[in-house]
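Visitor: The following block contains the structure, expressed as structure tokens.
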Amino acid sequence: MASKPILDSKQTEVVVQGIRTEVVCTAFANTLLVVVTQYGTMGTLVSVEPDMVADGLSKPLLATKVLLGKDEPLVHICARHLVTFVSQEAGNKPVLLAMALKDKSIEGIRTLQEAIRRCQVW
């Protein structure tokens, strides 16, 4: 009888604007971990959590918080664009994003979104 792995995890590799990029997605019981790296390291850790809306009629907004690394506006913007759909598709689960990116262009972010979608574990 085959046993189910303790953690559900998938990974892929893509080339983004000529840069080799690794993507790993892992589902934990209460959080999703998404690692996106062009340096081979985890880089900046960002917590992306749904912030419930009072009226309950619209989708929750996502609150981002840099846990480790440089806390600058572009980090928050990239984090929201990279994993908003992950949280929403997973039933508004929090996401821990580790990103180490050389290319933060909108074209690069779109390519990374597709790579993350291919590693779907939620």
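Starting from 1 in every chain, residues are counted up; chains themselves are A, B, ... following the order of the structure tokens, and ligands are numbered from 1 as listed.
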Can you list, as number ranges by chain, every residue of range 14-122 of chain A that DSSP puts in alpha helix (DSSP H)?

Guide: A: 73-89, 106-118

Visitor: What lies within 10 Å of Arg20 in chain A using only C-alpha atoms, ignoring chain neighbours under 4 positions off, as a list in words?

Guide: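 Contacts, with the query itself left out: Glu13, Val14, Val15, Val16, Thr37, Gln38, Tyr39 and Gly40 of chain A.
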
Visitor: Determine the nearest neighbour of Val24 in chain A from the options A:Trp122, A:Arg80, A:Asn92, A:Ile116, counting only C-alpha atoms.

Guide: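 The closest residue to Val24 in chain A is A:Ile116.
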
Visitor: Can you tell me, as a ChimeraX atom specification, what residues are no more than 12 Å from Ala79 in chain A when counting only C-alpha atoms, ignoring any on the same chain fewer than 3 positions away?

Guide: /A:34-36,44-49,62-66,71-76,82-87,95-101,104,109,112-113

Visitor: What is the distance between CA of Cys119 in chain A and CA of Phe28 in chain A, in Å to one decimal?

Guide: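 Between CA of Cys119 in chain A and CA of Phe28 in chain A the gap is 14.3 Å.
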